[in-house]
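> Have a look at this one before I ask anything.
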Amino acid sequence: MYLVYQPEGQTEPTRWRYNPRRLMTVERETIERLTGKNFSEFTGAVLQGNSSCRRALLYTFLRRDHPKIKYEDVEFFWDELKLEYSKQEWEGMRDRAVADLVGAERDQALAQFEAEIAEAFDDPEEEGKATLPIAD
């Protein structure tokens, strides 16, 4: 999964691979302090669209490139920040749907997955490794 940030005026989005298991301890602790949520709650809240959690996540990634940035300086319009699954993640979800669903429900799900796959970012490094970004 990717956190994709494209502020107004930026022609190409900035894309960071988001895997909660690959955040450093100090990053996780900062996120917990900023959001008031434990890390497992945070990972779920990010997926559900919690604004303060997504802001903390954006801050975490921006800080890697700009260590002196302050949390208070991280502002964004809602349509400038999104989470995206990679093509490989969508393919994994499609394959699970093929195994788990039947009939019209399966057909509808497969059509949706194929549409998402056609538009998704291709990440060959993620081939065969797609999992949902939830902390254990």
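By convention here, the chains of the structure tokens are called A, B, ... in the order presented, each chain's residues are numbered starting at 1, and ligands are numbered starting at 1 in the order presented.
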Mind checking which residues fall within 10 Å of A:Thr60, counting only C-alpha atoms, ignoring those fewer than 4 positions away in the same chain, and posting them as a short mmCIF file (atom, residue, chain, number, x, y, z; two decimals) with all heavy atoms, in the first residue's frame?

```cif
data_model
loop_
_atom_site.label_atom_id
_atom_site.label_comp_id
_atom_site.auth_asym_id
_atom_site.auth_seq_id
_atom_site.Cartn_x
_atom_site.Cartn_y
_atom_site.Cartn_z
N LEU A 23 7.84 0.71 10.12
CA LEU A 23 8.06 2.01 10.74
C LEU A 23 8.97 1.81 11.95
O LEU A 23 8.81 0.83 12.69
CB LEU A 23 6.74 2.65 11.17
CG LEU A 23 5.77 3.03 10.05
CD1 LEU A 23 4.47 3.55 10.63
CD2 LEU A 23 6.39 4.06 9.13
N GLU A 27 9.24 6.36 15.32
CA GLU A 27 8.13 6.82 14.47
C GLU A 27 6.79 6.34 15.03
O GLU A 27 5.83 7.11 15.10
CB GLU A 27 8.32 6.33 13.04
CG GLU A 27 9.49 6.97 12.33
CD GLU A 27 9.79 6.36 10.97
OE1 GLU A 27 9.58 5.14 10.78
OE2 GLU A 27 10.23 7.13 10.08
N ARG A 28 6.73 5.08 15.43
CA ARG A 28 5.49 4.54 16.00
C ARG A 28 5.13 5.26 17.30
O ARG A 28 3.96 5.60 17.54
CB ARG A 28 5.61 3.03 16.24
CG ARG A 28 5.70 2.22 14.95
CD ARG A 28 5.61 0.73 15.20
NE ARG A 28 6.50 0.24 16.23
CZ ARG A 28 7.76 -0.17 16.02
NH1 ARG A 28 8.27 -0.12 14.80
NH2 ARG A 28 8.49 -0.61 17.02
N THR A 30 5.99 8.29 18.21
CA THR A 30 5.56 9.66 17.87
C THR A 30 4.13 9.64 17.36
O THR A 30 3.31 10.49 17.75
CB THR A 30 6.51 10.28 16.83
OG1 THR A 30 7.83 10.33 17.38
CG2 THR A 30 6.06 11.66 16.41
N ILE A 31 3.81 8.70 16.51
CA ILE A 31 2.44 8.57 16.00
C ILE A 31 1.46 8.35 17.14
O ILE A 31 0.40 8.97 17.19
CB ILE A 31 2.36 7.43 14.96
CG1 ILE A 31 2.98 7.89 13.63
CG2 ILE A 31 0.93 6.95 14.76
CD1 ILE A 31 3.20 6.79 12.62
N ARG A 54 -4.08 10.10 9.45
CA ARG A 54 -3.43 10.29 8.14
C ARG A 54 -2.46 11.47 8.18
O ARG A 54 -1.42 11.44 7.55
CB ARG A 54 -4.48 10.47 7.05
CG ARG A 54 -5.19 9.14 6.77
CD ARG A 54 -5.95 9.16 5.50
NE ARG A 54 -6.59 7.87 5.29
CZ ARG A 54 -7.26 7.56 4.20
NH1 ARG A 54 -7.39 8.44 3.23
NH2 ARG A 54 -7.80 6.37 4.07
N ARG A 55 -2.80 12.50 8.94
CA ARG A 55 -1.86 13.63 9.09
C ARG A 55 -0.59 13.17 9.77
O ARG A 55 0.52 13.53 9.37
CB ARG A 55 -2.53 14.75 9.89
CG ARG A 55 -1.65 15.96 10.07
CD ARG A 55 -2.36 17.02 10.87
NE ARG A 55 -1.56 18.21 11.01
CZ ARG A 55 -1.79 19.15 11.91
NH1 ARG A 55 -2.82 19.04 12.73
NH2 ARG A 55 -1.00 20.20 11.99
N ALA A 56 -0.72 12.37 10.82
CA ALA A 56 0.46 11.86 11.53
C ALA A 56 1.30 10.97 10.62
O ALA A 56 2.53 11.00 10.66
CB ALA A 56 0.03 11.09 12.78
N ARG A 64 11.03 12.08 7.21
CA ARG A 64 12.17 11.30 6.74
C ARG A 64 13.00 12.10 5.73
O ARG A 64 14.22 12.00 5.71
CB ARG A 64 11.70 10.00 6.09
CG ARG A 64 11.17 8.99 7.08
CD ARG A 64 10.69 7.75 6.38
NE ARG A 64 10.22 6.76 7.35
CZ ARG A 64 9.75 5.58 7.00
NH1 ARG A 64 9.67 5.24 5.71
NH2 ARG A 64 9.34 4.73 7.92
N ASP A 65 12.33 12.88 4.91
CA ASP A 65 13.02 13.69 3.90
C ASP A 65 13.39 15.08 4.42
O ASP A 65 14.32 15.70 3.92
CB ASP A 65 12.14 13.84 2.65
CG ASP A 65 11.88 12.52 1.96
OD1 ASP A 65 12.74 11.61 2.05
OD2 ASP A 65 10.82 12.38 1.33
N HIS A 66 12.64 15.57 5.37
CA HIS A 66 12.83 16.92 5.92
C HIS A 66 12.81 16.83 7.45
O HIS A 66 11.79 17.14 8.07
CB HIS A 66 11.73 17.86 5.42
CG HIS A 66 11.54 17.82 3.94
ND1 HIS A 66 12.39 18.44 3.06
CD2 HIS A 66 10.59 17.20 3.19
CE1 HIS A 66 11.96 18.22 1.82
NE2 HIS A 66 10.88 17.47 1.87
N PRO A 67 13.92 16.43 8.08
CA PRO A 67 13.95 16.16 9.52
C PRO A 67 13.51 17.33 10.41
O PRO A 67 13.07 17.11 11.53
CB PRO A 67 15.40 15.79 9.80
CG PRO A 67 15.97 15.40 8.48
CD PRO A 67 15.20 16.16 7.44
N ILE A 69 11.02 19.44 9.83
CA ILE A 69 9.62 19.82 9.66
C ILE A 69 8.87 19.63 10.99
O ILE A 69 9.17 18.73 11.76
CB ILE A 69 8.93 19.03 8.52
CG1 ILE A 69 7.61 19.68 8.15
CG2 ILE A 69 8.77 17.57 8.90
CD1 ILE A 69 7.02 19.15 6.86
N TYR A 71 5.19 19.16 13.05
CA TYR A 71 3.85 18.60 12.87
C TYR A 71 2.84 19.70 12.55
O TYR A 71 1.98 19.52 11.69
CB TYR A 71 3.44 17.82 14.12
CG TYR A 71 2.09 17.18 14.02
CD1 TYR A 71 1.87 16.09 13.18
CD2 TYR A 71 1.02 17.65 14.78
CE1 TYR A 71 0.63 15.49 13.10
CE2 TYR A 71 -0.23 17.05 14.69
CZ TYR A 71 -0.41 15.98 13.86
OH TYR A 71 -1.65 15.39 13.77
#
```
> Give me, as a list in words, the residues of stretch 32-72 of chain A that a backbone DSSP run labels alpha helix (DSSP H).
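Secondary structure check on stretch 32-72 of chain A, alpha helix (DSSP H): Glu32, Arg33, Leu34, Thr35, Phe39, Ser40, Glu41, Phe42, Thr43, Gly44, Ala45, Val46, Leu47, Gln48, Ser51, Ser52, Cys53, Arg54, Arg55, Ala56, Leu57, Leu58, Tyr59, Thr60, Phe61, Leu62, Arg63, Arg64 and Asp65 of chain A.
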> Next, the residues of the selection above should be written as a compact mmCIF listing (two decimals), in the first residue's frame with N, CA, C and O atoms.

```
# COMPACT_ATOMS: atom_id res chain seq x y z
N GLU A 32 1.80 7.48 18.08
CA GLU A 32 0.92 7.23 19.22
C GLU A 32 0.72 8.50 20.05
O GLU A 32 -0.40 8.80 20.48
N ARG A 33 1.78 9.24 20.26
CA ARG A 33 1.70 10.48 21.03
C ARG A 33 0.85 11.53 20.31
O ARG A 33 0.01 12.20 20.91
N LEU A 34 1.03 11.65 19.00
CA LEU A 34 0.30 12.66 18.23
C LEU A 34 -1.18 12.33 18.10
O LEU A 34 -2.02 13.25 18.08
N THR A 35 -1.51 11.06 17.99
CA THR A 35 -2.90 10.67 17.72
C THR A 35 -3.67 10.25 18.98
O THR A 35 -4.90 10.20 18.96
N PHE A 39 -0.77 1.78 18.52
CA PHE A 39 -0.41 1.61 17.12
C PHE A 39 -1.39 0.72 16.36
O PHE A 39 -1.68 0.98 15.18
N SER A 40 -1.93 -0.30 16.99
CA SER A 40 -2.92 -1.14 16.31
C SER A 40 -4.18 -0.35 15.97
O SER A 40 -4.74 -0.50 14.88
N GLU A 41 -4.63 0.49 16.90
CA GLU A 41 -5.78 1.35 16.62
C GLU A 41 -5.47 2.32 15.48
O GLU A 41 -6.31 2.57 14.60
N PHE A 42 -4.26 2.86 15.50
CA PHE A 42 -3.83 3.79 14.46
C PHE A 42 -3.91 3.17 13.07
O PHE A 42 -4.44 3.77 12.15
N THR A 43 -3.39 1.94 12.93
CA THR A 43 -3.36 1.32 11.60
C THR A 43 -4.77 1.14 11.04
O THR A 43 -5.01 1.37 9.86
N GLY A 44 -5.69 0.75 11.90
CA GLY A 44 -7.08 0.63 11.46
C GLY A 44 -7.69 1.97 11.12
O GLY A 44 -8.42 2.11 10.14
N ALA A 45 -7.40 2.97 11.95
CA ALA A 45 -7.96 4.31 11.73
C ALA A 45 -7.44 4.93 10.43
O ALA A 45 -8.18 5.64 9.74
N VAL A 46 -6.20 4.66 10.08
CA VAL A 46 -5.65 5.16 8.81
C VAL A 46 -6.48 4.61 7.65
O VAL A 46 -6.87 5.34 6.74
N LEU A 47 -6.76 3.31 7.68
CA LEU A 47 -7.53 2.68 6.60
C LEU A 47 -8.96 3.20 6.56
O LEU A 47 -9.56 3.28 5.49
N GLN A 48 -9.51 3.56 7.71
CA GLN A 48 -10.89 4.04 7.78
C GLN A 48 -11.00 5.53 7.46
O GLN A 48 -12.10 6.07 7.40
N SER A 51 -8.65 11.48 9.89
CA SER A 51 -7.85 12.61 9.42
C SER A 51 -6.59 12.83 10.25
O SER A 51 -5.51 13.05 9.71
N SER A 52 -6.71 12.79 11.58
CA SER A 52 -5.53 13.03 12.41
C SER A 52 -4.51 11.91 12.24
O SER A 52 -3.30 12.15 12.28
N CYS A 53 -4.97 10.69 12.02
CA CYS A 53 -4.05 9.57 11.80
C CYS A 53 -3.34 9.71 10.45
O CYS A 53 -2.14 9.46 10.34
N ARG A 54 -4.08 10.10 9.45
CA ARG A 54 -3.43 10.29 8.14
C ARG A 54 -2.46 11.47 8.18
O ARG A 54 -1.42 11.44 7.55
N ARG A 55 -2.80 12.50 8.94
CA ARG A 55 -1.86 13.63 9.09
C ARG A 55 -0.59 13.17 9.77
O ARG A 55 0.52 13.53 9.37
N ALA A 56 -0.72 12.37 10.82
CA ALA A 56 0.46 11.86 11.53
C ALA A 56 1.30 10.97 10.62
O ALA A 56 2.53 11.00 10.66
N LEU A 57 0.65 10.19 9.77
CA LEU A 57 1.38 9.34 8.84
C LEU A 57 2.12 10.18 7.80
O LEU A 57 3.29 9.94 7.51
N LEU A 58 1.45 11.19 7.25
CA LEU A 58 2.10 12.09 6.30
C LEU A 58 3.29 12.78 6.96
O LEU A 58 4.37 12.85 6.38
N TYR A 59 3.10 13.24 8.17
CA TYR A 59 4.19 13.88 8.91
C TYR A 59 5.37 12.91 9.05
O TYR A 59 6.53 13.31 8.84
N THR A 60 5.11 11.67 9.35
CA THR A 60 6.16 10.67 9.51
C THR A 60 6.99 10.54 8.23
O THR A 60 8.22 10.54 8.27
N PHE A 61 6.31 10.44 7.10
CA PHE A 61 7.04 10.29 5.83
C PHE A 61 7.73 11.57 5.41
O PHE A 61 8.86 11.54 4.91
N LEU A 62 7.08 12.71 5.58
CA LEU A 62 7.73 13.98 5.24
C LEU A 62 8.97 14.20 6.09
O LEU A 62 9.98 14.72 5.61
N ARG A 63 8.89 13.81 7.34
CA ARG A 63 10.01 14.01 8.27
C ARG A 63 11.24 13.20 7.87
O ARG A 63 12.37 13.59 8.15
N ARG A 64 11.03 12.08 7.21
CA ARG A 64 12.17 11.30 6.74
C ARG A 64 13.00 12.10 5.73
O ARG A 64 14.22 12.00 5.71
N ASP A 65 12.33 12.88 4.91
CA ASP A 65 13.02 13.69 3.90
C ASP A 65 13.39 15.08 4.42
O ASP A 65 14.32 15.70 3.92
```
> Near A:Leu83, within 10 Å and counting only C-alpha atoms, which residues show up once chain neighbours fewer than 6 positions away are dropped, as a VMD selection string?
chain A and resid 1 to 5 15 to 18 46 to 47 49 54
> Take the residues that were just selected and, keeping all heavy atoms, output them as a tab-separated table (two decimals), in the first residue's frame.

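out_21.tsv written:
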```
chain	number	residue	atom	x	y	z
A	1	MET	N	0.85	-1.17	0.00
A	1	MET	CA	0.00	0.00	0.00
A	1	MET	C	0.89	1.23	0.00
A	1	MET	O	1.99	1.21	0.53
A	1	MET	CB	-0.89	-0.02	1.24
A	1	MET	CG	-1.74	1.22	1.38
A	1	MET	SD	-2.97	1.06	2.66
A	1	MET	CE	-4.20	0.17	1.76
A	2	TYR	N	0.37	2.28	-0.60
A	2	TYR	CA	1.12	3.53	-0.71
A	2	TYR	C	0.34	4.69	-0.12
A	2	TYR	O	-0.88	4.76	-0.26
A	2	TYR	CB	1.41	3.85	-2.17
A	2	TYR	CG	2.41	2.91	-2.76
A	2	TYR	CD1	2.02	1.73	-3.35
A	2	TYR	CD2	3.76	3.20	-2.69
A	2	TYR	CE1	2.95	0.85	-3.86
A	2	TYR	CE2	4.70	2.33	-3.20
A	2	TYR	CZ	4.29	1.15	-3.78
A	2	TYR	OH	5.21	0.28	-4.27
A	3	LEU	N	1.08	5.59	0.52
A	3	LEU	CA	0.55	6.88	0.88
A	3	LEU	C	0.96	7.80	-0.27
A	3	LEU	O	2.15	7.90	-0.59
A	3	LEU	CB	1.13	7.38	2.20
A	3	LEU	CG	0.59	8.73	2.67
A	3	LEU	CD1	-0.88	8.58	3.08
A	3	LEU	CD2	1.42	9.26	3.81
A	4	VAL	N	-0.01	8.44	-0.88
A	4	VAL	CA	0.23	9.26	-2.05
A	4	VAL	C	-0.17	10.70	-1.73
A	4	VAL	O	-1.31	10.97	-1.34
A	4	VAL	CB	-0.57	8.74	-3.27
A	4	VAL	CG1	-0.29	9.59	-4.50
A	4	VAL	CG2	-0.26	7.27	-3.53
A	5	TYR	N	0.80	11.59	-1.90
A	5	TYR	CA	0.60	13.00	-1.57
A	5	TYR	C	0.90	13.84	-2.80
A	5	TYR	O	1.99	13.78	-3.36
A	5	TYR	CB	1.53	13.38	-0.42
A	5	TYR	CG	1.47	14.81	0.03
A	5	TYR	CD1	0.26	15.43	0.34
A	5	TYR	CD2	2.63	15.55	0.19
A	5	TYR	CE1	0.22	16.74	0.78
A	5	TYR	CE2	2.60	16.86	0.64
A	5	TYR	CZ	1.38	17.45	0.93
A	5	TYR	OH	1.34	18.75	1.38
A	15	ARG	N	5.04	9.40	-3.58
A	15	ARG	CA	4.47	8.10	-3.21
A	15	ARG	C	5.43	7.40	-2.25
A	15	ARG	O	6.60	7.23	-2.56
A	15	ARG	CB	4.30	7.29	-4.50
A	15	ARG	CG	3.69	5.95	-4.38
A	15	ARG	CD	3.63	5.26	-5.76
A	15	ARG	NE	2.99	6.06	-6.77
A	15	ARG	CZ	1.68	6.13	-6.99
A	15	ARG	NH1	0.86	5.43	-6.25
A	15	ARG	NH2	1.19	6.89	-7.93
A	16	TRP	N	4.90	7.02	-1.09
A	16	TRP	CA	5.70	6.28	-0.11
A	16	TRP	C	5.05	4.92	0.12
A	16	TRP	O	3.83	4.83	0.28
A	16	TRP	CB	5.72	6.99	1.24
A	16	TRP	CG	6.38	8.32	1.27
A	16	TRP	CD1	7.72	8.57	1.37
A	16	TRP	CD2	5.74	9.60	1.25
A	16	TRP	NE1	7.94	9.92	1.40
A	16	TRP	CE2	6.75	10.58	1.34
A	16	TRP	CE3	4.41	10.00	1.18
A	16	TRP	CZ2	6.47	11.93	1.34
A	16	TRP	CZ3	4.13	11.35	1.17
A	16	TRP	CH2	5.15	12.31	1.26
A	17	ARG	N	5.86	3.87	0.16
A	17	ARG	CA	5.33	2.55	0.49
A	17	ARG	C	4.96	2.57	1.97
A	17	ARG	O	5.76	2.90	2.82
A	17	ARG	CB	6.37	1.46	0.22
A	17	ARG	CG	5.81	0.07	0.50
A	17	ARG	CD	6.77	-1.04	0.15
A	17	ARG	NE	6.82	-1.18	-1.30
A	17	ARG	CZ	7.94	-1.14	-2.01
A	17	ARG	NH1	9.10	-0.97	-1.41
A	17	ARG	NH2	7.92	-1.28	-3.31
A	18	TYR	N	3.72	2.23	2.27
A	18	TYR	CA	3.23	2.22	3.64
A	18	TYR	C	3.06	0.78	4.12
A	18	TYR	O	2.17	0.06	3.67
A	18	TYR	CB	1.90	2.97	3.75
A	18	TYR	CG	1.22	2.82	5.09
A	18	TYR	CD1	1.91	3.05	6.27
A	18	TYR	CD2	-0.11	2.44	5.18
A	18	TYR	CE1	1.29	2.91	7.51
A	18	TYR	CE2	-0.74	2.30	6.41
A	18	TYR	CZ	-0.03	2.53	7.56
A	18	TYR	OH	-0.64	2.38	8.78
A	46	VAL	N	-6.20	4.66	10.08
A	46	VAL	CA	-5.65	5.16	8.81
A	46	VAL	C	-6.48	4.61	7.65
A	46	VAL	O	-6.87	5.34	6.74
A	46	VAL	CB	-4.16	4.78	8.64
A	46	VAL	CG1	-3.69	4.95	7.20
A	46	VAL	CG2	-3.30	5.61	9.57
A	47	LEU	N	-6.76	3.31	7.68
A	47	LEU	CA	-7.53	2.68	6.60
A	47	LEU	C	-8.96	3.20	6.56
A	47	LEU	O	-9.56	3.28	5.49
A	47	LEU	CB	-7.53	1.16	6.76
A	47	LEU	CG	-6.20	0.47	6.56
A	47	LEU	CD1	-6.33	-1.01	6.82
A	47	LEU	CD2	-5.64	0.72	5.16
A	49	GLY	N	-9.87	6.20	7.24
A	49	GLY	CA	-9.91	7.60	6.83
A	49	GLY	C	-9.82	8.60	7.96
A	49	GLY	O	-10.19	9.76	7.76
A	54	ARG	N	-4.08	10.10	9.45
A	54	ARG	CA	-3.43	10.29	8.14
A	54	ARG	C	-2.46	11.47	8.18
A	54	ARG	O	-1.42	11.44	7.55
A	54	ARG	CB	-4.48	10.47	7.05
A	54	ARG	CG	-5.19	9.14	6.77
A	54	ARG	CD	-5.95	9.16	5.50
A	54	ARG	NE	-6.59	7.87	5.29
A	54	ARG	CZ	-7.26	7.56	4.20
A	54	ARG	NH1	-7.39	8.44	3.23
A	54	ARG	NH2	-7.80	6.37	4.07
```
> Can you list, as a compact mmCIF listing (two decimals) with N, CA, C and O atoms, in the first residue's frame, every protein, DNA or RNA residue that comes within 12 Å of A:Gln112 when you count only C-alpha atoms, leaving out same-chain residues fewer than 6 positions away?

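Below you can see part-v6.txt, which holds the result:
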```txt
# COMPACT_ATOMS: atom_id res chain seq x y z
N TRP A 90 -3.96 -5.56 -5.37
CA TRP A 90 -5.29 -5.76 -5.96
C TRP A 90 -5.38 -7.17 -6.56
O TRP A 90 -6.43 -7.83 -6.43
N GLU A 91 -4.32 -7.63 -7.19
CA GLU A 91 -4.35 -8.98 -7.77
C GLU A 91 -4.50 -10.04 -6.68
O GLU A 91 -5.23 -11.03 -6.86
N MET A 93 -6.04 -9.62 -3.79
CA MET A 93 -7.42 -9.55 -3.33
C MET A 93 -8.36 -10.21 -4.34
O MET A 93 -9.31 -10.90 -3.97
N ARG A 94 -8.08 -10.00 -5.62
CA ARG A 94 -8.88 -10.64 -6.67
C ARG A 94 -8.79 -12.15 -6.56
O ARG A 94 -9.80 -12.87 -6.62
N ALA A 97 -10.86 -13.40 -3.79
CA ALA A 97 -12.28 -13.33 -4.13
C ALA A 97 -12.67 -14.51 -5.01
O ALA A 97 -13.75 -15.08 -4.84
N GLU A 105 -22.14 -12.33 -6.91
CA GLU A 105 -21.25 -11.59 -6.00
C GLU A 105 -19.80 -11.69 -6.47
O GLU A 105 -19.07 -10.70 -6.48
N ARG A 106 -19.42 -12.86 -6.88
CA ARG A 106 -18.05 -13.08 -7.39
C ARG A 106 -17.84 -12.28 -8.68
O ARG A 106 -16.82 -11.61 -8.84
N ALA A 118 -6.34 -2.25 -13.43
CA ALA A 118 -5.98 -1.50 -14.64
C ALA A 118 -5.43 -0.12 -14.32
O ALA A 118 -4.58 0.40 -15.06
N GLU A 119 -5.86 0.49 -13.22
CA GLU A 119 -5.44 1.84 -12.84
C GLU A 119 -4.33 1.89 -11.80
O GLU A 119 -3.75 2.94 -11.57
```
> Closest to A:Pro13 among A:Ala99, A:Leu81, A:Val74, A:Ile117, using only C-alpha atoms?
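Ranked by minimum distance to A:Pro13, first place goes to A:Leu81.
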> What is the distance between atom CA of A:Lys87 and atom CA of A:Glu116, in Å to one decimal?
7.8 Å
> What is the distance between atom CA of A:Asp95 and atom CA of A:Thr14, in Å to one decimal?
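We find that atom CA of A:Asp95 and atom CA of A:Thr14 lie 28.8 Å from each other.
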